[in-house]
file my_file-v6.tsv (TSV, C-alpha atoms)
chain	number	residue	atom	x	y	z
A	171	MET	CA	-38.38	61.65	-61.50
A	172	GLY	CA	-38.04	62.21	-57.78
A	173	ARG	CA	-35.75	64.61	-56.00
A	174	PHE	CA	-33.62	61.74	-54.75
A	175	MET	CA	-32.92	60.48	-58.27
A	176	LEU	CA	-32.09	63.99	-59.47
A	177	ALA	CA	-29.76	64.48	-56.51
A	178	VAL	CA	-28.07	61.12	-57.11
A	179	SER	CA	-27.63	61.96	-60.79
A	180	LEU	CA	-26.12	65.33	-59.92
A	181	ALA	CA	-23.71	63.81	-57.40
A	182	LEU	CA	-22.63	61.17	-59.93
A	183	LEU	CA	-22.21	63.82	-62.61
A	184	LEU	CA	-20.03	65.91	-60.33
A	185	GLY	CA	-17.91	62.80	-59.83
A	186	HIS	CA	-17.63	62.38	-63.59
A	187	ILE	CA	-16.62	66.03	-64.04
A	188	VAL	CA	-13.99	65.80	-61.30
A	189	ASP	CA	-12.61	62.57	-62.79
A	190	LEU	CA	-12.31	64.19	-66.21
A	191	SER	CA	-10.80	67.40	-64.90
A	192	MET	CA	-8.23	65.53	-62.85
A	193	SER	CA	-7.17	63.59	-65.92
A	194	ALA	CA	-7.11	66.81	-68.00
A	195	GLN	CA	-9.74	65.51	-70.42
A	196	ILE	CA	-12.13	68.43	-70.14
A	197	SER	CA	-12.30	70.51	-73.26
A	198	ASP	CA	-14.69	73.02	-74.73
A	199	ASN	CA	-16.68	70.06	-76.11
A	200	LEU	CA	-17.27	68.20	-72.87
A	201	GLU	CA	-18.49	64.70	-73.62
A	202	ILE	CA	-21.41	63.98	-71.31
A	203	PRO	CA	-22.48	60.34	-71.00
A	204	GLU	CA	-26.06	59.68	-72.11
A	205	TYR	CA	-27.10	58.36	-68.69
A	206	TYR	CA	-26.53	61.85	-67.20
A	207	LYS	CA	-28.31	63.69	-69.99
A	208	ARG	CA	-31.81	62.35	-69.33
A	209	PRO	CA	-32.14	63.44	-65.67
A	210	ALA	CA	-30.43	66.74	-66.48
A	211	LYS	CA	-32.81	67.35	-69.38
A	212	ILE	CA	-35.81	66.56	-67.14
A	213	LEU	CA	-34.51	68.96	-64.50
A	214	HIS	CA	-33.82	71.64	-67.12
A	215	ASN	CA	-37.28	71.32	-68.69
A	216	ILE	CA	-39.06	71.46	-65.34
A	217	CYS	CA	-37.16	74.55	-64.26
A	218	MET	CA	-37.54	76.25	-67.65
A	219	ALA	CA	-41.31	75.80	-67.41
A	220	GLU	CA	-41.49	76.94	-63.78
A	221	SER	CA	-39.28	80.00	-64.20
A	222	GLY	CA	-40.03	81.20	-67.72
A	223	ALA	CA	-36.29	81.64	-68.35
A	224	MET	CA	-35.15	82.01	-71.96
A	225	GLU	CA	-32.94	79.22	-73.28
A	226	ALA	CA	-30.64	81.67	-75.05
A	227	LYS	CA	-29.86	83.38	-71.74
A	228	LEU	CA	-29.33	80.05	-69.95
A	229	LYS	CA	-26.95	78.73	-72.63
A	230	GLN	CA	-24.56	81.55	-71.86
A	231	CYS	CA	-23.80	79.95	-68.50
A	232	MET	CA	-21.53	77.57	-70.42
A	233	ASP	CA	-19.25	80.59	-70.87
A	234	GLY	CA	-19.59	81.53	-67.21
A	235	VAL	CA	-22.24	84.20	-67.83
A	236	LEU	CA	-25.18	84.32	-65.43
A	237	HIS	CA	-27.76	86.88	-66.46
A	238	ASP	CA	-29.14	89.15	-63.77
A	239	GLU	CA	-32.78	88.60	-64.77
A	240	ARG	CA	-35.60	87.43	-62.53
A	241	GLU	CA	-36.40	84.39	-64.71
A	242	VAL	CA	-32.77	83.21	-64.74
A	243	LYS	CA	-32.51	83.70	-60.99
A	244	CYS	CA	-35.69	81.68	-60.44
A	245	TYR	CA	-34.46	78.96	-62.84
A	246	ILE	CA	-31.36	78.60	-60.64
A	247	HIS	CA	-33.53	78.51	-57.52
A	248	CYS	CA	-35.65	75.81	-59.12
A	249	LEU	CA	-32.55	73.68	-59.79
A	250	PHE	CA	-31.47	73.93	-56.17
A	251	ASP	CA	-35.01	73.27	-54.95
A	252	LYS	CA	-35.50	70.18	-57.13
A	253	ILE	CA	-32.28	68.56	-55.96
A	254	ASP	CA	-33.25	69.34	-52.36
A	255	VAL	CA	-30.24	71.39	-51.26
A	256	ILE	CA	-32.19	74.33	-49.82
A	257	ASP	CA	-32.45	74.25	-46.04
A	258	GLU	CA	-36.13	74.84	-45.32
A	259	ALA	CA	-35.50	76.37	-41.91
A	260	THR	CA	-32.91	78.94	-42.99
A	261	GLY	CA	-33.39	79.23	-46.74
A	262	LYS	CA	-29.66	78.74	-47.23
A	263	ILE	CA	-28.36	76.61	-50.10
A	264	LEU	CA	-26.22	73.78	-48.76
A	265	LEU	CA	-24.69	71.84	-51.64
A	266	ASP	CA	-22.83	69.55	-49.24
A	267	ARG	CA	-26.16	67.78	-48.67
A	268	LEU	CA	-25.21	65.87	-51.82
A	269	ALA	CA	-21.92	64.68	-50.31
A	270	PRO	CA	-23.29	61.36	-48.97
A	271	LEU	CA	-24.37	60.53	-52.54
A	272	ALA	CA	-21.05	61.48	-54.10
A	273	PRO	CA	-19.02	58.57	-55.45
A	274	GLU	CA	-15.59	59.94	-54.55
A	275	ASN	CA	-13.93	61.91	-51.78
A	276	ASP	CA	-12.77	64.54	-54.29
A	277	VAL	CA	-16.39	65.30	-55.14
A	278	LYS	CA	-17.33	65.44	-51.46
A	279	GLU	CA	-14.48	67.88	-50.88
A	280	ILE	CA	-15.69	70.11	-53.71
A	281	LEU	CA	-19.27	70.07	-52.39
A	282	GLU	CA	-18.03	70.93	-48.91
A	283	HIS	CA	-15.74	73.65	-50.31
A	284	LEU	CA	-18.60	75.24	-52.24
A	285	THR	CA	-20.85	75.11	-49.18
A	286	ASN	CA	-18.14	76.61	-46.97
A	287	GLU	CA	-17.46	79.40	-49.47
A	288	CYS	CA	-21.05	80.19	-50.43
A	289	GLY	CA	-23.47	78.55	-47.97
A	290	HIS	CA	-23.67	81.70	-45.84
A	291	ILE	CA	-25.43	83.68	-48.59
A	292	LYS	CA	-29.06	84.38	-47.75
A	293	LEU	CA	-31.09	87.26	-49.15
A	294	GLN	CA	-34.72	88.21	-48.61
A	295	ASP	CA	-35.77	86.78	-51.98
A	296	THR	CA	-35.19	83.07	-52.69
A	297	CYS	CA	-34.40	83.60	-56.38
A	298	ASP	CA	-31.89	86.33	-55.53
A	299	THR	CA	-30.28	83.99	-53.01
A	300	ALA	CA	-29.95	81.22	-55.60
A	301	TYR	CA	-28.43	83.61	-58.13
A	302	GLU	CA	-25.87	85.03	-55.69
A	303	VAL	CA	-24.93	81.53	-54.50
A	304	ALA	CA	-24.47	80.36	-58.12
A	305	LYS	CA	-22.25	83.38	-58.83
A	306	CYS	CA	-20.25	82.50	-55.74
A	307	TYR	CA	-19.88	78.89	-56.93
A	308	PHE	CA	-18.52	80.11	-60.27
A	309	SER	CA	-15.92	82.18	-58.39
A	310	ALA	CA	-15.11	79.49	-55.83
A	311	HIS	CA	-14.34	76.59	-58.20
A	312	ASP	CA	-13.38	76.59	-61.86
A	313	GLN	CA	-15.20	73.35	-62.71
A	314	VAL	CA	-18.69	74.55	-61.66
A	315	VAL	CA	-19.30	75.86	-65.19
A	316	LYS	CA	-19.28	72.25	-66.40
A	317	PHE	CA	-22.63	71.70	-64.70
A	318	CYS	CA	-24.03	74.19	-67.23
A	319	HIS	CA	-22.70	71.94	-69.98
A	320	LEU	CA	-24.72	69.09	-68.56
A	321	LEU	CA	-27.94	71.09	-68.32
A	322	MET	CA	-27.53	72.37	-71.87
A	323	ALA	CA	-26.16	69.10	-73.34
A	324	ASP	CA	-29.18	68.11	-75.41
A	325	ILE	CA	-29.99	71.70	-76.32
A	326	THR	CA	-26.72	72.59	-77.99
A	327	ASN	CA	-26.17	69.33	-79.89
call {"tool": "encode", "arguments": {"input": "my_file-v6.tsv", "output": "structure tokens"}}
result
Amino acid sequence: MGRFMLAVSLALLLGHIVDLSMSAQISDNLEIPEYYKRPAKILHNICMAESGAMEAKLKQCMDGVLHDEREVKCYIHCLFDKIDVIDEATGKILLDRLAPLAPENDVKEILEHLTNECGHIKLQDTCDTAYEVAKCYFSAHDQVVKFCHLLMADITN
């Protein structure tokens, strides 16, 4: 599956999460439609293989826990890389690149908010940058943790 399809799937998923959160339907058992699970599972499997991250450590992101381990950091970098939100010239992670694919203005606003809050983060190491940006996202918006639910959807069922 190409980067474009993964990016489109992510943008659509963010729209789904925003729709659910705005109608107060999000619970601990977030219901993820099947058509989002396949691309998320592909992305998860690719990045697990590339990073060597342990599933048990990654599952904890559903509770807002991001482990400070090299493999987890590189897993996060892989996610950003595969959905093509890393600026090649600067190395910064610019989530608002997904905004043109987003189905709703609310999603676009969230992507822009996250980029404004966290897009300035750039460290020497790309995996460290991805990790610090992800931590920033968790702090900047309370619904970011739901993306973890998508990535882990087929694993925890």
call {"tool": "closest_residue", "arguments": {"input": "my_file-v6.tsv", "among": "A:Ala223, A:Lys243, A:Thr285, A:Ala304", "to": "Cys318 of chain A", "atoms": "only C-alpha atoms"}}
result
A:Ala304
call {"tool": "residues_around", "arguments": {"input": "my_file-v6.tsv", "residues": "Glu287 of chain A", "least_positions_apart": "5", "cutoff": "9 Å", "atoms": "only C-alpha atoms", "output": "number ranges by chain"}}
result
A: 282, 306-307, 310
call {"tool": "atom_distance", "arguments": {"input": "my_file-v6.tsv", "atom1": "atom CA of Gly222 of chain A", "atom2": "atom CA of Glu239 of chain A"}}
result
10.8 Å
call {"tool": "residues_around", "arguments": {"input": "my_file-v6.tsv", "residues": "Thr299 of chain A", "least_positions_apart": "3", "cutoff": "9 Å", "atoms": "only C-alpha atoms", "output": "list in words"}}
result
Lys243, His247, Gly261, Lys262, Ile263, Ile291, Lys292, Leu293, Gln294, Asp295, Thr296, Glu302, Val303 and Ala304 of chain A
call {"tool": "residues_around", "arguments": {"input": "my_file-v6.tsv", "residues": "Tyr245 of chain A", "least_positions_apart": "6", "cutoff": "7 Å", "atoms": "all atoms listed in the file", "output": "PyMOL selection string"}}
result
chain A and resi 217-218+221+223
call {"tool": "atom_distance", "arguments": {"input": "my_file-v6.tsv", "atom1": "atom CA of Lys278 of chain A", "atom2": "atom CA of Ala300 of chain A"}}
result
20.6 Å
call {"tool": "residues_around", "arguments": {"input": "my_file-v6.tsv", "residues": "Ala219 of chain A", "least_positions_apart": "5", "cutoff": "12 Å", "atoms": "all atoms listed in the file", "output": "PyMOL selection string"}}
result
chain A and resi 212-214+224-225+241-242+244-245+248-249
call {"tool": "atom_distance", "arguments": {"input": "my_file-v6.tsv", "atom1": "atom CA of Ser309 of chain A", "atom2": "atom CA of Leu236 of chain A"}}
result
11.8 Å
call {"tool": "closest_residue", "arguments": {"input": "my_file-v6.tsv", "among": "A:Ile216, A:Arg240, A:His311, A:Glu258", "to": "Val277 of chain A", "atoms": "only C-alpha atoms"}}
result
A:His311
call {"tool": "closest_residue", "arguments": {"input": "my_file-v6.tsv", "among": "A:Asp312, A:Leu268, A:Asp257, A:Glu220", "to": "Gly289 of chain A", "atoms": "only C-alpha atoms"}}
result
A:Asp257
call {"tool": "closest_residue", "arguments": {"input": "my_file-v6.tsv", "among": "A:Pro270, A:Asp298, A:Leu265, A:Ala226", "to": "Asn286 of chain A", "atoms": "only C-alpha atoms"}}
result
A:Leu265
call {"tool": "decode", "arguments": {"input": "my_file-v6.tsv", "residues": "segment 279-293 of chain A", "atoms": "all heavy atoms", "output": "compact mmCIF listing (two decimals), in the first residue's frame"}}
result
# COMPACT_ATOMS: atom_id res chain seq x y z
N GLU A 279 -8.41 21.58 11.29
CA GLU A 279 -8.03 22.46 12.40
C GLU A 279 -7.17 21.72 13.42
O GLU A 279 -6.20 22.28 13.94
CB GLU A 279 -9.28 23.04 13.06
CG GLU A 279 -9.98 24.07 12.21
CD GLU A 279 -11.31 24.51 12.79
OE1 GLU A 279 -11.59 24.24 13.98
OE2 GLU A 279 -12.09 25.12 12.04
N ILE A 280 -7.51 20.47 13.70
CA ILE A 280 -6.72 19.68 14.64
C ILE A 280 -5.32 19.44 14.09
O ILE A 280 -4.32 19.60 14.80
CB ILE A 280 -7.41 18.35 14.97
CG1 ILE A 280 -8.66 18.61 15.82
CG2 ILE A 280 -6.47 17.39 15.70
CD1 ILE A 280 -9.54 17.40 16.02
N LEU A 281 -5.23 19.08 12.81
CA LEU A 281 -3.92 18.85 12.18
C LEU A 281 -3.08 20.12 12.22
O LEU A 281 -1.89 20.07 12.52
CB LEU A 281 -4.10 18.36 10.75
CG LEU A 281 -4.76 16.99 10.57
CD1 LEU A 281 -5.05 16.73 9.10
CD2 LEU A 281 -3.92 15.89 11.18
N GLU A 282 -3.69 21.24 11.93
CA GLU A 282 -2.97 22.51 11.96
C GLU A 282 -2.58 22.88 13.38
O GLU A 282 -1.46 23.36 13.63
CB GLU A 282 -3.82 23.61 11.31
CG GLU A 282 -3.91 23.42 9.80
CD GLU A 282 -4.96 24.30 9.13
OE1 GLU A 282 -5.60 25.13 9.82
OE2 GLU A 282 -5.13 24.14 7.90
N HIS A 283 -3.47 22.62 14.34
CA HIS A 283 -3.16 22.88 15.76
C HIS A 283 -1.96 22.06 16.21
O HIS A 283 -1.03 22.59 16.83
CB HIS A 283 -4.38 22.58 16.62
CG HIS A 283 -4.11 22.59 18.09
ND1 HIS A 283 -3.87 23.75 18.79
CD2 HIS A 283 -3.99 21.58 18.99
CE1 HIS A 283 -3.63 23.46 20.05
NE2 HIS A 283 -3.70 22.15 20.20
N LEU A 284 -1.98 20.77 15.88
CA LEU A 284 -0.87 19.90 16.28
C LEU A 284 0.44 20.33 15.63
O LEU A 284 1.50 20.32 16.27
CB LEU A 284 -1.18 18.43 15.94
CG LEU A 284 -2.32 17.80 16.75
CD1 LEU A 284 -2.63 16.41 16.20
CD2 LEU A 284 -1.99 17.74 18.22
N THR A 285 0.37 20.74 14.37
CA THR A 285 1.58 21.22 13.69
C THR A 285 2.07 22.52 14.32
O THR A 285 3.27 22.68 14.55
CB THR A 285 1.33 21.39 12.19
OG1 THR A 285 0.98 20.12 11.64
CG2 THR A 285 2.56 21.91 11.47
N ASN A 286 1.15 23.42 14.62
CA ASN A 286 1.55 24.69 15.25
C ASN A 286 2.17 24.46 16.62
O ASN A 286 3.14 25.12 16.99
CB ASN A 286 0.36 25.64 15.37
CG ASN A 286 -0.08 26.19 14.04
OD1 ASN A 286 0.69 26.23 13.08
ND2 ASN A 286 -1.33 26.61 13.95
N GLU A 287 1.61 23.54 17.39
CA GLU A 287 2.10 23.27 18.74
C GLU A 287 3.41 22.50 18.74
O GLU A 287 4.25 22.71 19.60
CB GLU A 287 1.05 22.49 19.54
CG GLU A 287 -0.19 23.27 19.88
CD GLU A 287 0.08 24.40 20.86
OE1 GLU A 287 0.83 24.18 21.83
OE2 GLU A 287 -0.45 25.51 20.65
N CYS A 288 3.57 21.59 17.79
CA CYS A 288 4.67 20.62 17.88
C CYS A 288 5.59 20.58 16.66
O CYS A 288 6.62 19.90 16.70
CB CYS A 288 4.09 19.22 18.11
SG CYS A 288 2.91 19.15 19.48
N GLY A 289 5.25 21.26 15.59
CA GLY A 289 6.02 21.19 14.35
C GLY A 289 7.41 21.81 14.44
O GLY A 289 8.24 21.58 13.57
N HIS A 290 7.67 22.56 15.48
CA HIS A 290 8.99 23.19 15.65
C HIS A 290 10.04 22.23 16.20
O HIS A 290 11.23 22.51 16.13
CB HIS A 290 8.86 24.37 16.62
CG HIS A 290 8.52 23.95 18.01
ND1 HIS A 290 7.23 23.64 18.37
CD2 HIS A 290 9.29 23.75 19.10
CE1 HIS A 290 7.22 23.28 19.64
NE2 HIS A 290 8.47 23.33 20.11
N ILE A 291 9.60 21.09 16.72
CA ILE A 291 10.53 20.17 17.39
C ILE A 291 11.42 19.49 16.36
O ILE A 291 10.95 18.87 15.42
CB ILE A 291 9.76 19.13 18.22
CG1 ILE A 291 8.96 19.82 19.31
CG2 ILE A 291 10.71 18.08 18.80
CD1 ILE A 291 7.98 18.93 20.05
N LYS A 292 12.71 19.61 16.56
CA LYS A 292 13.68 18.98 15.67
C LYS A 292 14.93 18.70 16.48
O LYS A 292 15.56 19.62 16.98
CB LYS A 292 13.99 19.89 14.48
CG LYS A 292 15.16 19.45 13.61
CD LYS A 292 14.85 18.17 12.86
CE LYS A 292 15.94 17.78 11.90
NZ LYS A 292 16.98 16.92 12.46
N LEU A 293 15.26 17.44 16.64
CA LEU A 293 16.47 17.02 17.34
C LEU A 293 17.46 16.45 16.34
O LEU A 293 17.13 16.22 15.18
CB LEU A 293 16.12 16.00 18.42
CG LEU A 293 15.07 16.47 19.45
CD1 LEU A 293 14.68 15.34 20.38
CD2 LEU A 293 15.58 17.66 20.24
